[in-house]
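Comments concern the structure below.
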Amino acid sequence: MTAVMISQVDKLKAAVKAFEAAQAKYAEFGARDTEPDGEFQHTLARAVNGDEVIMPTSPREWQR
């Protein structure tokens with residue numbers, strides 16, 4: 001069980017790190033604004049809770 005938990009935590013850390021890299025890459029387009037960051041956190045929380053996750057794909061969806 002512990003190995004599984006560590007694996008899940010590592011996956012979450014990797015997801016956050018990858019998103020932060022994307023935010024840095026696209027910062028000039030507003031990727032570091034509070035709306036995309038909040039949308040990412042909301043989506044990540046839903047995934048962790050086992051809820052259905054629909055990833056935002058358009059700029060408008062990231063600005064909810």
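Within each chain, counting starts at residue 1; across the structure tokens, chains are named A, B, ... in the order shown, with ligands numbered 1 upward in that order.
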Could you list, as a short mmCIF file (atom, residue, chain, number, x, y, z; two decimals) with N, CA and C atoms, in the first residue's frame, every residue within 10 Å of segment 23-35 of chain A, counting only C-alpha atoms and ignoring same-chain residues fewer than 4 positions away?
data_model
loop_
_atom_site.label_atom_id
_atom_site.label_comp_id
_atom_site.auth_asym_id
_atom_site.auth_seq_id
_atom_site.Cartn_x
_atom_site.Cartn_y
_atom_site.Cartn_z
N LYS A 17 4.71 19.65 -11.83
CA LYS A 17 5.97 20.12 -12.43
C LYS A 17 5.80 20.35 -13.94
N ALA A 18 5.11 19.45 -14.62
CA ALA A 18 4.89 19.60 -16.06
C ALA A 18 4.01 20.81 -16.34
N PHE A 19 2.98 21.03 -15.52
CA PHE A 19 2.11 22.18 -15.72
C PHE A 19 2.87 23.48 -15.48
N GLU A 39 -7.88 26.74 -12.57
CA GLU A 39 -8.54 25.67 -13.35
C GLU A 39 -7.74 24.38 -13.25
N PHE A 40 -6.41 24.48 -13.31
CA PHE A 40 -5.55 23.30 -13.16
C PHE A 40 -5.74 22.68 -11.77
N GLN A 41 -5.72 23.51 -10.74
CA GLN A 41 -5.88 22.99 -9.38
C GLN A 41 -7.24 22.32 -9.20
N PRO A 59 -8.54 28.29 -24.97
CA PRO A 59 -8.22 29.40 -24.07
C PRO A 59 -9.42 29.82 -23.22
N GLU A 61 -11.87 27.97 -22.11
CA GLU A 61 -12.10 26.99 -21.03
C GLU A 61 -11.10 27.19 -19.89
N TRP A 62 -9.90 27.64 -20.19
CA TRP A 62 -8.91 27.86 -19.13
C TRP A 62 -9.19 29.16 -18.38
N GLN A 63 -10.12 29.97 -18.83
CA GLN A 63 -10.42 31.24 -18.21
C GLN A 63 -11.73 31.23 -17.42
N ARG A 64 -12.28 30.08 -17.11
CA ARG A 64 -13.57 30.01 -16.40
C ARG A 64 -13.51 30.67 -15.06
#
Worksheet item: If you run DSSP on the backbone, which residues of chain A are helix (DSSP H, G or I), as a PyMOL selection string?
Response: chain A and resi 2-25+27-29+34-48+59-62
Worksheet item: With only C-alpha atoms as the atoms that count, which of A:Ile6, A:Ala14, A:Ala21, A:Ile54 lies nearest to His42 of chain A?
Response: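 Selected residue with least distance to His42 of chain A: A:Ile54.
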Discussion item. Could you check the closest approach to Leu44 of chain A for each of A:Gln8, A:Arg60, A:Ala22, A:Ala15 and tell me which residue wins, using only C-alpha atoms?
Written reply: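 Between A:Gln8, A:Arg60, A:Ala22, A:Ala15, the residue approaching Leu44 of chain A most closely is A:Ala15.
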